[in-house]
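Asker: Got a file for you: structure.cif, mmCIF, C-alpha atoms.
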data_structure
loop_
_atom_site.group_PDB
_atom_site.id
_atom_site.type_symbol
_atom_site.label_atom_id
_atom_site.label_comp_id
_atom_site.auth_asym_id
_atom_site.auth_seq_id
_atom_site.Cartn_x
_atom_site.Cartn_y
_atom_site.Cartn_z
ATOM 1 C CA MET A 1 0.000 0.000 0.000
ATOM 2 C CA THR A 2 1.314 3.461 -0.902
ATOM 3 C CA ILE A 3 0.879 5.838 2.000
ATOM 4 C CA ASP A 4 1.416 9.540 2.609
ATOM 5 C CA ALA A 5 2.493 9.552 6.242
ATOM 6 C CA GLN A 6 2.176 13.313 6.581
ATOM 7 C CA ALA A 7 -1.467 13.142 5.492
ATOM 8 C CA LEU A 8 -2.191 10.812 8.413
ATOM 9 C CA LEU A 9 -0.686 13.105 11.059
ATOM 10 C CA PRO A 10 -4.022 14.826 11.838
ATOM 11 C CA ILE A 11 -5.696 11.466 12.448
ATOM 12 C CA ALA A 12 -2.815 10.302 14.639
ATOM 13 C CA GLY A 13 -2.998 13.591 16.513
ATOM 14 C CA GLN A 14 -6.707 13.144 17.180
ATOM 15 C CA ALA A 15 -6.119 9.602 18.404
ATOM 16 C CA VAL A 16 -3.413 10.717 20.807
ATOM 17 C CA SER A 17 -5.591 13.597 22.032
ATOM 18 C CA ILE A 18 -8.197 11.011 23.028
ATOM 19 C CA ALA A 19 -5.500 9.123 24.896
ATOM 20 C CA ALA A 20 -4.090 12.209 26.617
ATOM 21 C CA GLU A 21 -7.488 13.331 27.845
ATOM 22 C CA ILE A 22 -8.129 9.958 29.482
ATOM 23 C CA ILE A 23 -4.688 9.926 31.109
ATOM 24 C CA ARG A 24 -5.077 13.498 32.335
ATOM 25 C CA THR A 25 -8.574 13.154 33.813
ATOM 26 C CA ARG A 26 -8.857 9.635 35.215
ATOM 27 C CA ALA A 27 -7.336 7.987 38.264
ATOM 28 C CA PRO A 28 -5.296 4.842 37.560
ATOM 29 C CA GLY A 29 -8.038 2.599 38.959
ATOM 30 C CA VAL A 30 -7.645 -1.130 39.417
ATOM 31 C CA VAL A 31 -4.120 -2.409 38.773
ATOM 32 C CA THR A 32 -3.695 -5.688 36.875
ATOM 33 C CA SER A 33 -0.496 -7.684 37.295
ATOM 34 C CA LYS A 34 1.208 -8.714 34.049
ATOM 35 C CA GLY A 35 4.039 -10.536 35.798
ATOM 36 C CA ASP A 36 6.822 -9.844 38.255
ATOM 37 C CA ARG A 37 6.727 -6.069 39.002
ATOM 38 C CA ASP A 38 4.908 -5.407 35.730
ATOM 39 C CA MET A 39 1.418 -3.985 35.702
ATOM 40 C CA ALA A 40 -1.326 -2.221 33.776
ATOM 41 C CA THR A 41 -3.941 0.168 35.142
ATOM 42 C CA GLU A 42 -7.566 0.652 34.170
ATOM 43 C CA VAL A 43 -6.406 3.739 32.294
ATOM 44 C CA ASP A 44 -3.993 1.699 30.144
ATOM 45 C CA TYR A 45 -6.869 -0.469 28.966
ATOM 46 C CA ALA A 46 -9.308 2.433 28.574
ATOM 47 C CA VAL A 47 -6.867 4.365 26.407
ATOM 48 C CA GLU A 48 -6.052 1.383 24.220
ATOM 49 C CA ARG A 49 -9.700 0.531 23.601
ATOM 50 C CA ALA A 50 -10.676 4.130 22.838
ATOM 51 C CA VAL A 51 -7.791 4.686 20.423
ATOM 52 C CA ARG A 52 -8.280 1.321 18.750
ATOM 53 C CA GLU A 53 -11.971 2.074 18.163
ATOM 54 C CA PHE A 54 -11.200 5.530 16.760
ATOM 55 C CA LEU A 55 -8.523 4.274 14.371
ATOM 56 C CA ALA A 56 -10.681 1.350 13.223
ATOM 57 C CA GLN A 57 -13.241 3.905 12.078
ATOM 58 C CA GLU A 58 -10.783 6.372 10.541
ATOM 59 C CA THR A 59 -8.251 3.979 8.982
ATOM 60 C CA PRO A 60 -9.828 0.499 8.747
ATOM 61 C CA GLU A 61 -7.233 -0.545 6.174
ATOM 62 C CA ILE A 62 -4.347 -0.122 8.629
ATOM 63 C CA GLY A 63 -3.511 -2.780 11.218
ATOM 64 C CA PHE A 64 -3.372 -2.071 14.940
ATOM 65 C CA LEU A 65 -1.081 -3.308 17.712
ATOM 66 C CA GLY A 66 -1.577 -2.252 21.321
ATOM 67 C CA GLU A 67 0.696 -3.074 24.228
ATOM 68 C CA GLU A 68 -2.059 -4.407 26.445
ATOM 69 C CA GLU A 69 -4.345 -6.376 24.111
ATOM 70 C CA GLY A 70 -2.072 -7.184 21.188
ATOM 71 C CA VAL A 71 -3.006 -7.143 17.506
ATOM 72 C CA ALA A 72 -6.630 -6.175 16.954
ATOM 73 C CA HIS A 73 -6.494 -6.603 13.192
ATOM 74 C CA SER A 74 -3.845 -6.829 10.510
ATOM 75 C CA GLY A 75 -3.336 -4.363 7.676
ATOM 76 C CA ASP A 76 -1.711 -4.383 4.259
ATOM 77 C CA GLY A 77 1.887 -3.901 5.444
ATOM 78 C CA LEU A 78 0.929 -0.937 7.650
ATOM 79 C CA LEU A 79 0.479 -1.049 11.409
ATOM 80 C CA TRP A 80 -0.447 1.452 14.093
ATOM 81 C CA ALA A 81 1.580 0.693 17.243
ATOM 82 C CA LEU A 82 0.212 2.155 20.474
ATOM 83 C CA ASP A 83 1.599 2.387 23.966
ATOM 84 C CA PRO A 84 -1.474 3.658 25.824
ATOM 85 C CA VAL A 85 0.474 4.786 28.894
ATOM 86 C CA ASP A 86 4.227 4.600 28.561
ATOM 87 C CA GLY A 87 5.689 4.884 32.040
ATOM 88 C CA THR A 88 2.811 3.124 33.802
ATOM 89 C CA ALA A 89 4.779 2.790 37.056
ATOM 90 C CA ASN A 90 5.424 6.543 37.004
ATOM 91 C CA PHE A 91 1.744 7.234 36.291
ATOM 92 C CA LEU A 92 0.639 4.953 39.116
ATOM 93 C CA HIS A 93 2.906 6.789 41.584
ATOM 94 C CA GLY A 94 1.935 10.289 40.467
ATOM 95 C CA ILE A 95 5.237 10.945 38.691
ATOM 96 C CA PRO A 96 4.478 13.118 35.631
ATOM 97 C CA LEU A 97 7.001 11.372 33.339
ATOM 98 C CA CYS A 98 4.520 9.325 31.323
ATOM 99 C CA GLY A 99 2.528 9.658 28.129
ATOM 100 C CA ALA A 100 0.729 8.153 25.168
ATOM 101 C CA SER A 101 2.645 7.069 22.071
ATOM 102 C CA LEU A 102 1.260 6.204 18.631
ATOM 103 C CA GLY A 103 3.499 5.237 15.732
ATOM 104 C CA LEU A 104 2.823 4.085 12.202
ATOM 105 C CA VAL A 105 5.026 1.257 10.938
ATOM 106 C CA ASP A 106 5.494 0.383 7.264
ATOM 107 C CA ASN A 107 7.328 -2.908 6.676
ATOM 108 C CA ASN A 108 9.153 -2.693 10.021
ATOM 109 C CA MET A 109 10.162 0.964 9.603
ATOM 110 C CA SER A 110 8.622 3.836 11.546
ATOM 111 C CA ILE A 111 7.170 6.505 9.253
ATOM 112 C CA LEU A 112 4.991 8.584 11.596
ATOM 113 C CA GLY A 113 4.829 9.247 15.305
ATOM 114 C CA VAL A 114 2.917 11.282 17.866
ATOM 115 C CA ILE A 115 3.785 11.362 21.570
ATOM 116 C CA ASP A 116 1.801 13.308 24.159
ATOM 117 C CA LEU A 117 3.086 13.950 27.686
ATOM 118 C CA PRO A 118 -0.139 15.236 29.257
ATOM 119 C CA PHE A 119 1.257 16.250 32.641
ATOM 120 C CA LEU A 120 4.085 18.216 31.002
ATOM 121 C CA ASP A 121 1.952 19.872 28.291
ATOM 122 C CA LEU A 122 4.239 18.533 25.577
ATOM 123 C CA ARG A 123 3.209 17.059 22.228
ATOM 124 C CA TYR A 124 5.853 15.637 19.891
ATOM 125 C CA SER A 125 5.142 14.667 16.300
ATOM 126 C CA ALA A 126 6.888 13.724 13.072
ATOM 127 C CA ALA A 127 6.228 12.187 9.689
ATOM 128 C CA GLU A 128 8.807 10.840 7.285
ATOM 129 C CA GLY A 129 10.379 13.704 5.357
ATOM 130 C CA ALA A 130 8.452 16.406 7.230
ATOM 131 C CA GLY A 131 10.696 17.135 10.213
ATOM 132 C CA ALA A 132 9.955 16.801 13.929
ATOM 133 C CA HIS A 133 8.025 19.195 16.123
ATOM 134 C CA ALA A 134 7.290 19.870 19.789
ATOM 135 C CA ASN A 135 4.047 21.771 20.367
ATOM 136 C CA GLY A 136 4.206 22.805 16.719
ATOM 137 C CA THR A 137 7.774 24.161 16.831
ATOM 138 C CA HIS A 138 10.560 22.520 14.824
ATOM 139 C CA ILE A 139 13.084 20.645 16.970
ATOM 140 C CA GLN A 140 16.501 19.134 16.395
ATOM 141 C CA VAL A 141 19.025 17.023 18.261
ATOM 142 C CA SER A 142 21.870 18.485 20.252
ATOM 143 C CA ASP A 143 25.254 19.101 18.639
ATOM 144 C CA VAL A 144 27.285 17.474 21.443
ATOM 145 C CA LEU A 145 30.258 15.585 20.011
ATOM 146 C CA ASP A 146 32.018 14.207 23.094
ATOM 147 C CA LEU A 147 30.788 11.546 25.485
ATOM 148 C CA GLU A 148 32.336 13.466 28.377
ATOM 149 C CA THR A 149 29.869 16.304 27.855
ATOM 150 C CA ALA A 150 26.840 14.136 27.040
ATOM 151 C CA ILE A 151 23.783 13.376 29.132
ATOM 152 C CA VAL A 152 22.694 9.830 28.304
ATOM 153 C CA ALA A 153 19.372 8.259 29.245
ATOM 154 C CA LEU A 154 19.090 4.544 29.916
ATOM 155 C CA GLY A 155 15.984 2.430 29.494
ATOM 156 C CA ASP A 156 14.493 0.767 32.547
ATOM 157 C CA TYR A 157 16.102 -2.255 34.114
ATOM 158 C CA ALA A 158 14.340 -5.504 33.301
ATOM 159 C CA VAL A 159 11.539 -6.989 35.385
ATOM 160 C CA GLY A 160 9.713 -10.260 34.940
ATOM 161 C CA ASP A 161 11.106 -13.599 33.826
ATOM 162 C CA ASN A 162 14.880 -13.973 34.089
ATOM 163 C CA ALA A 163 15.260 -10.334 35.122
ATOM 164 C CA HIS A 164 18.475 -11.050 37.029
ATOM 165 C CA GLU A 165 20.280 -12.331 33.944
ATOM 166 C CA ARG A 166 18.763 -9.731 31.649
ATOM 167 C CA ASN A 167 19.954 -6.968 33.964
ATOM 168 C CA ARG A 168 23.580 -8.079 34.034
ATOM 169 C CA PRO A 169 24.474 -6.333 30.741
ATOM 170 C CA ARG A 170 22.372 -3.319 31.732
ATOM 171 C CA LEU A 171 24.276 -2.957 34.987
ATOM 172 C CA ALA A 172 27.615 -3.416 33.220
ATOM 173 C CA LEU A 173 26.672 -0.715 30.741
ATOM 174 C CA THR A 174 25.526 1.604 33.533
ATOM 175 C CA GLN A 175 28.906 1.246 35.219
ATOM 176 C CA GLU A 176 30.792 2.041 32.021
ATOM 177 C CA LEU A 177 28.611 5.019 31.164
ATOM 178 C CA ALA A 178 28.918 6.444 34.680
ATOM 179 C CA ALA A 179 32.699 6.518 34.205
ATOM 180 C CA ARG A 180 32.613 8.079 30.737
ATOM 181 C CA VAL A 181 29.679 10.445 30.199
ATOM 182 C CA GLN A 182 28.730 13.662 31.925
ATOM 183 C CA ARG A 183 25.558 12.250 33.510
ATOM 184 C CA VAL A 184 23.380 9.136 33.285
ATOM 185 C CA ARG A 185 19.609 9.511 33.571
ATOM 186 C CA MET A 186 16.739 7.014 33.841
ATOM 187 C CA PHE A 187 13.325 8.585 33.310
ATOM 188 C CA GLY A 188 11.281 5.380 33.297
ATOM 189 C CA SER A 189 9.647 6.091 29.938
ATOM 190 C CA ALA A 190 11.002 4.967 26.577
ATOM 191 C CA VAL A 191 8.963 7.540 24.685
ATOM 192 C CA ILE A 192 10.328 10.382 26.806
ATOM 193 C CA ASP A 193 13.870 9.116 26.240
ATOM 194 C CA LEU A 194 13.461 9.224 22.452
ATOM 195 C CA ALA A 195 11.460 12.453 22.353
ATOM 196 C CA TRP A 196 14.006 14.252 24.516
ATOM 197 C CA VAL A 197 16.855 13.122 22.300
ATOM 198 C CA ALA A 198 14.905 14.662 19.412
ATOM 199 C CA ASP A 199 14.327 17.853 21.407
ATOM 200 C CA GLY A 200 17.984 18.201 22.439
ATOM 201 C CA ARG A 201 17.101 17.945 26.134
ATOM 202 C CA ILE A 202 19.393 14.912 26.397
ATOM 203 C CA ASP A 203 22.160 13.862 24.037
ATOM 204 C CA ALA A 204 21.604 10.129 23.689
ATOM 205 C CA ASN A 205 19.371 7.265 24.696
ATOM 206 C CA ILE A 206 20.171 3.559 25.071
ATOM 207 C CA MET A 207 17.575 0.828 25.433
ATOM 208 C CA LEU A 208 18.729 -2.779 25.362
ATOM 209 C CA SER A 209 15.273 -3.700 24.100
ATOM 210 C CA ASN A 210 12.953 -2.858 21.225
ATOM 211 C CA LYS A 211 9.201 -3.225 21.612
ATOM 212 C CA PRO A 212 7.168 -1.662 18.781
ATOM 213 C CA TRP A 213 4.759 0.155 21.083
ATOM 214 C CA ASP A 214 7.720 1.702 22.948
ATOM 215 C CA THR A 215 9.749 2.768 19.922
ATOM 216 C CA ALA A 216 7.548 3.211 16.824
ATOM 217 C CA ALA A 217 6.685 6.856 17.486
ATOM 218 C CA GLY A 218 9.898 7.946 19.179
ATOM 219 C CA VAL A 219 12.216 6.528 16.528
ATOM 220 C CA ILE A 220 10.739 8.556 13.661
ATOM 221 C CA ILE A 221 10.539 11.686 15.818
ATOM 222 C CA ALA A 222 14.221 11.330 16.723
ATOM 223 C CA ARG A 223 15.242 10.613 13.129
ATOM 224 C CA GLU A 224 13.305 13.555 11.745
ATOM 225 C CA ALA A 225 15.019 15.771 14.331
ATOM 226 C CA GLY A 226 18.405 14.680 12.973
ATOM 227 C CA ALA A 227 19.291 11.792 15.279
ATOM 228 C CA ALA A 228 20.902 8.571 14.186
ATOM 229 C CA VAL A 229 18.820 5.674 15.515
ATOM 230 C CA VAL A 230 20.613 2.335 15.350
ATOM 231 C CA ASP A 231 20.827 -1.220 16.658
ATOM 232 C CA LEU A 232 23.663 -2.523 18.859
ATOM 233 C CA ASP A 233 25.944 -3.073 15.868
ATOM 234 C CA GLY A 234 25.334 0.409 14.465
ATOM 235 C CA SER A 235 23.002 -0.766 11.693
ATOM 236 C CA PRO A 236 19.835 1.280 11.036
ATOM 237 C CA HIS A 237 17.093 0.646 13.551
ATOM 238 C CA THR A 238 13.975 -1.278 12.533
ATOM 239 C CA MET A 239 11.133 -2.788 14.522
ATOM 240 C CA THR A 240 13.071 -6.082 14.506
ATOM 241 C CA SER A 241 16.284 -4.617 15.965
ATOM 242 C CA HIS A 242 17.581 -6.003 19.258
ATOM 243 C CA ALA A 243 18.185 -2.613 20.862
ATOM 244 C CA THR A 244 17.371 1.058 20.380
ATOM 245 C CA ILE A 245 20.205 3.599 20.438
ATOM 246 C CA ALA A 246 19.527 7.226 19.505
ATOM 247 C CA ALA A 247 22.004 10.100 19.455
ATOM 248 C CA GLY A 248 23.211 12.992 17.370
ATOM 249 C CA PRO A 249 25.175 11.894 14.301
ATOM 250 C CA GLY A 250 28.436 13.177 15.776
ATOM 251 C CA LEU A 251 28.052 11.105 18.929
ATOM 252 C CA VAL A 252 26.519 7.825 17.827
ATOM 253 C CA ALA A 253 29.686 6.052 16.604
ATOM 254 C CA ASP A 254 31.521 6.599 19.900
ATOM 255 C CA LEU A 255 28.427 5.514 21.796
ATOM 256 C CA VAL A 256 28.067 2.281 19.805
ATOM 257 C CA GLN A 257 31.765 1.549 20.385
ATOM 258 C CA LEU A 258 31.432 2.193 24.130
ATOM 259 C CA ILE A 259 28.442 -0.148 24.327
ATOM 260 C CA SER A 260 30.205 -2.857 22.366
ATOM 261 C CA GLU A 261 33.383 -2.644 24.435
ATOM 262 C CA SER A 262 31.446 -2.559 27.690
ATOM 263 C CA LEU A 263 29.359 -5.615 26.931
ATOM 264 C CA LEU A 264 32.200 -7.627 25.405
ATOM 265 C CA THR A 265 34.654 -6.947 28.233
ATOM 266 C CA LYS A 266 32.012 -8.028 30.725
ATOM 267 C CA GLY A 267 31.388 -11.245 28.848
ATOM 268 C CA PHE A 268 28.155 -10.322 27.049
ATOM 269 C CA GLY A 269 27.466 -10.525 23.325
ATOM 270 C CA ARG A 270 30.086 -13.146 22.532
#
Could you express the structure from this file as structure tokens?
Answerer:
Amino acid sequence: MTIDAQALLPIAGQAVSIAAEIIRTRAPGVVTSKGDRDMATEVDYAVERAVREFLAQETPEIGFLGEEEGVAHSGDGLLWALDPVDGTANFLHGIPLCGASLGLVDNNMSILGVIDLPFLDLRYSAAEGAGAHANGTHIQVSDVLDLETAIVALGDYAVGDNAHERNRPRLALTQELAARVQRVRMFGSAVIDLAWVADGRIDANIMLSNKPWDTAAGVIIAREAGAAVVDLDGSPHTMTSHATIAAGPGLVADLVQLISESLLTKGFGR
């Protein structure tokens, strides 16, 4: 299917406005356990169902994937990917670092994204070839070139099955970054990490994971703001990548090398 991503931005914006209003006005409600230290609130489910219903009416030819209830229907190579509340733990504890994220994926590549952070009054958006914007204003990545002057955000540590083993490389990487970069930050929200790389608020983001609902919107927003978004080996990021690394083009090569050296010297990735 041939698609004009920019033409779908208004629809994506309306969908995310529905999500943001629910997040902003409703209490978390009943919490459902999804596994060890992983949970979803009533709001997560309410947002996903409302957005799914809206998009089914507006774009019935496009597939839909939500974090909480999976694939609702398949499309012709196109897929909406929704994280209804990214940063659910933050939301549940009244920490304002959370938001709704809707991306459009075409054959495993992000082509459109909208992220709304309702408690921070920030809306990020981008479509392939149209640049990235925050509250309607064009944004771009920072021009930091040296790791020593970079603020780098890390994705959350793992929870759930085999979390101890999955966190070993994350902890090794944290140790190496703490010795090399200006500051390490962990915001607890993948979409904030990617959006703030795009906005130049931080200089890089590393997630040793890649879930479509977490990354579909943020990856295209970061790319359209001038970031390089890559996998662990430095190859271009897709929805099938193993990790998600975003940084300004002058910083990404050194960052990929640091990650590689850190994990290899600690016995990971061999």
Asker: Could you list the residues chosen by the PyMOL selection byres ((chain A and resi 52) around 9) in this structure as a ChimeraX atom specification?
Answerer: /A:15,47-51,53-57,64-66,72,82
Asker: I'd like the neighbourhood of A:Gly218 as a ChimeraX atom specification, where a residue qualifies if any of its atoms comes within 9 Å (using all atoms listed in the file), though same-chain residues fewer than 4 positions away should be ignored.
Answerer: /A:101-103,110,113-115,124-126,190-195,198,214,222-223
Asker: With all atoms listed in the file as the atoms that count, which of A:Gly94, A:Gly136, A:Gly155, A:Gly131 lies nearest to A:Asn210?
Answerer: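 Smallest distance to A:Asn210 is found for A:Gly155.
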Asker: Can you translate the PyMOL selection byres ((chain A and resi 41) around 7) into the concrete residues it hits in this file, as a PyMOL selection string?
Answerer: chain A and resi 28-32+39-40+42-45
Asker: Output the selection as a PDB file, in the coordinates of the input - C-alpha atoms for each residue.
Answerer:
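Output (out_33.pdb):
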ATOM      1  CA  PRO A  28      -5.296   4.842  37.560  1.00  0.00           C
ATOM      2  CA  GLY A  29      -8.038   2.599  38.959  1.00  0.00           C
ATOM      3  CA  VAL A  30      -7.645  -1.130  39.417  1.00  0.00           C
ATOM      4  CA  VAL A  31      -4.120  -2.409  38.773  1.00  0.00           C
ATOM      5  CA  THR A  32      -3.695  -5.688  36.875  1.00  0.00           C
ATOM      6  CA  MET A  39       1.418  -3.985  35.702  1.00  0.00           C
ATOM      7  CA  ALA A  40      -1.326  -2.221  33.776  1.00  0.00           C
ATOM      8  CA  GLU A  42      -7.566   0.652  34.170  1.00  0.00           C
ATOM      9  CA  VAL A  43      -6.406   3.739  32.294  1.00  0.00           C
ATOM     10  CA  ASP A  44      -3.993   1.699  30.144  1.00  0.00           C
ATOM     11  CA  TYR A  45      -6.869  -0.469  28.966  1.00  0.00           C
TER      12      TYR A  45
END
Asker: Looking at all atoms listed in the file, which of A:Val229, A:Leu120, A:Ile259, A:Arg26 is the one that sits closest to A:Leu92?
Answerer: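 Among the listed residues, A:Arg26 lies closest to A:Leu92.
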Asker: Using 6 Å of padding on each side, determine the axis-aligned box around all atoms of stretch 187-205 of chain A present in the file and give its centre and edge lengths in Å to one decimal, as AutoDock Vina command-line options.
Answerer:
--center_x 15.6 --center_y 11.6 --center_z 26.4 --size_x 25.2 --size_y 25.2 --size_z 25.9
Asker: Can you pull out every residue within 8 Å of A:Glu128, counting only C-alpha atoms, but drop anything in the same chain fewer than 4 positions away, and send it as a list in words?
Answerer: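 These residues fall inside the cut-off: Ala5, Gln6, Ile111, Leu112, Ile220 and Glu224 of chain A.
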Asker: Quote the spacing between atom CA of A:Met207 and atom CA of A:Arg185 in Å to one decimal place.
Answerer: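 Spanning atom CA of A:Met207 to atom CA of A:Arg185 is a straight-line distance of 12.1 Å.
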Asker: Pick out the closest residue to A:Trp196 from this set: A:Asp38, A:Val219, A:Asp254, A:Pro10. Count all atoms listed in the file.
Answerer: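 Of all the options, A:Val219 lies closest to A:Trp196.
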Asker: Using all atoms listed in the file, can you tell me which of A:Val105, A:Leu232, A:Ala100, A:Ile22 comes closest to A:Leu78?
Answerer: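 Nearest candidate to A:Leu78 out of A:Val105, A:Leu232, A:Ala100, A:Ile22: A:Val105.
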Asker: For each of A:Val230, A:Ala134, A:Met186, A:Leu258, take the minimum atom-to-atom distance to A:Ala172, counting all atoms listed in the file, then give the residue where this is smallest.
Answerer: A:Leu258
Asker: What is the atom CA of A:Leu147 to atom CA of A:Ala228 distance in Å?
Answerer: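 Result for atom CA of A:Leu147 versus atom CA of A:Ala228: 15.3 Å, one decimal.
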Asker: Please compute the atom CA of A:Asp4-atom CA of A:Thr59 distance, one decimal, in Å.
Answerer: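 Straight-line distance from atom CA of A:Asp4 to atom CA of A:Thr59 works out to 12.8 Å.
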Asker: Please determine the residues with any atom at most 12 Å from (10.1, -8.4, 42.3) (coordinates as given in the file, with all atoms listed in the file counting) and report them as a PyMOL selection string.
Answerer: chain A and resi 33+35-39+157-164
Asker: Can you list, as a list in words, the residues that the PyMOL selection byres ((chain A and resi 175) around 12) selects here?
Answerer: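 Listing what the PyMOL selection byres ((chain A and resi 175) around 12) selects in the shown file: Leu154, Arg168, Pro169, Arg170, Leu171, Ala172, Leu173, Thr174, Glu176, Leu177, Ala178, Ala179, Arg180, Val181, Arg183, Val184, Leu258, Ile259, Ser262, Leu263 and Lys266 of chain A.
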Asker: Of the candidates A:Ala225, A:Ile3, A:Ile139, A:Leu122, which one gets nearest to A:Val16 if we count only C-alpha atoms?
Answerer: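 The shortest atom-to-atom distance to A:Val16 comes from A:Leu122.
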Asker: Neighbours of A:Ala20 within 10 Å (only C-alpha atoms; same-chain residues fewer than 6 positions away dropped), as a compact mmCIF listing (two decimals) with C-alpha atoms, in the coordinates of the input?
Answerer:
# COMPACT_ATOMS: atom_id res chain seq x y z
CA GLN A 14 -6.71 13.14 17.18
CA VAL A 47 -6.87 4.36 26.41
CA PRO A 84 -1.47 3.66 25.82
CA VAL A 85 0.47 4.79 28.89
CA GLY A 99 2.53 9.66 28.13
CA ALA A 100 0.73 8.15 25.17
CA SER A 101 2.64 7.07 22.07
CA ILE A 115 3.78 11.36 21.57
CA ASP A 116 1.80 13.31 24.16
CA LEU A 117 3.09 13.95 27.69
CA PRO A 118 -0.14 15.24 29.26
CA PHE A 119 1.26 16.25 32.64
CA ASP A 121 1.95 19.87 28.29
CA ARG A 123 3.21 17.06 22.23
Asker: Skip A:Leu97 itself and residues of its chain fewer than 4 positions away, then list as a PyMOL selection string all residues within 7 Å of it, counting only C-alpha atoms.
Answerer: chain A and resi 87+90+187+189
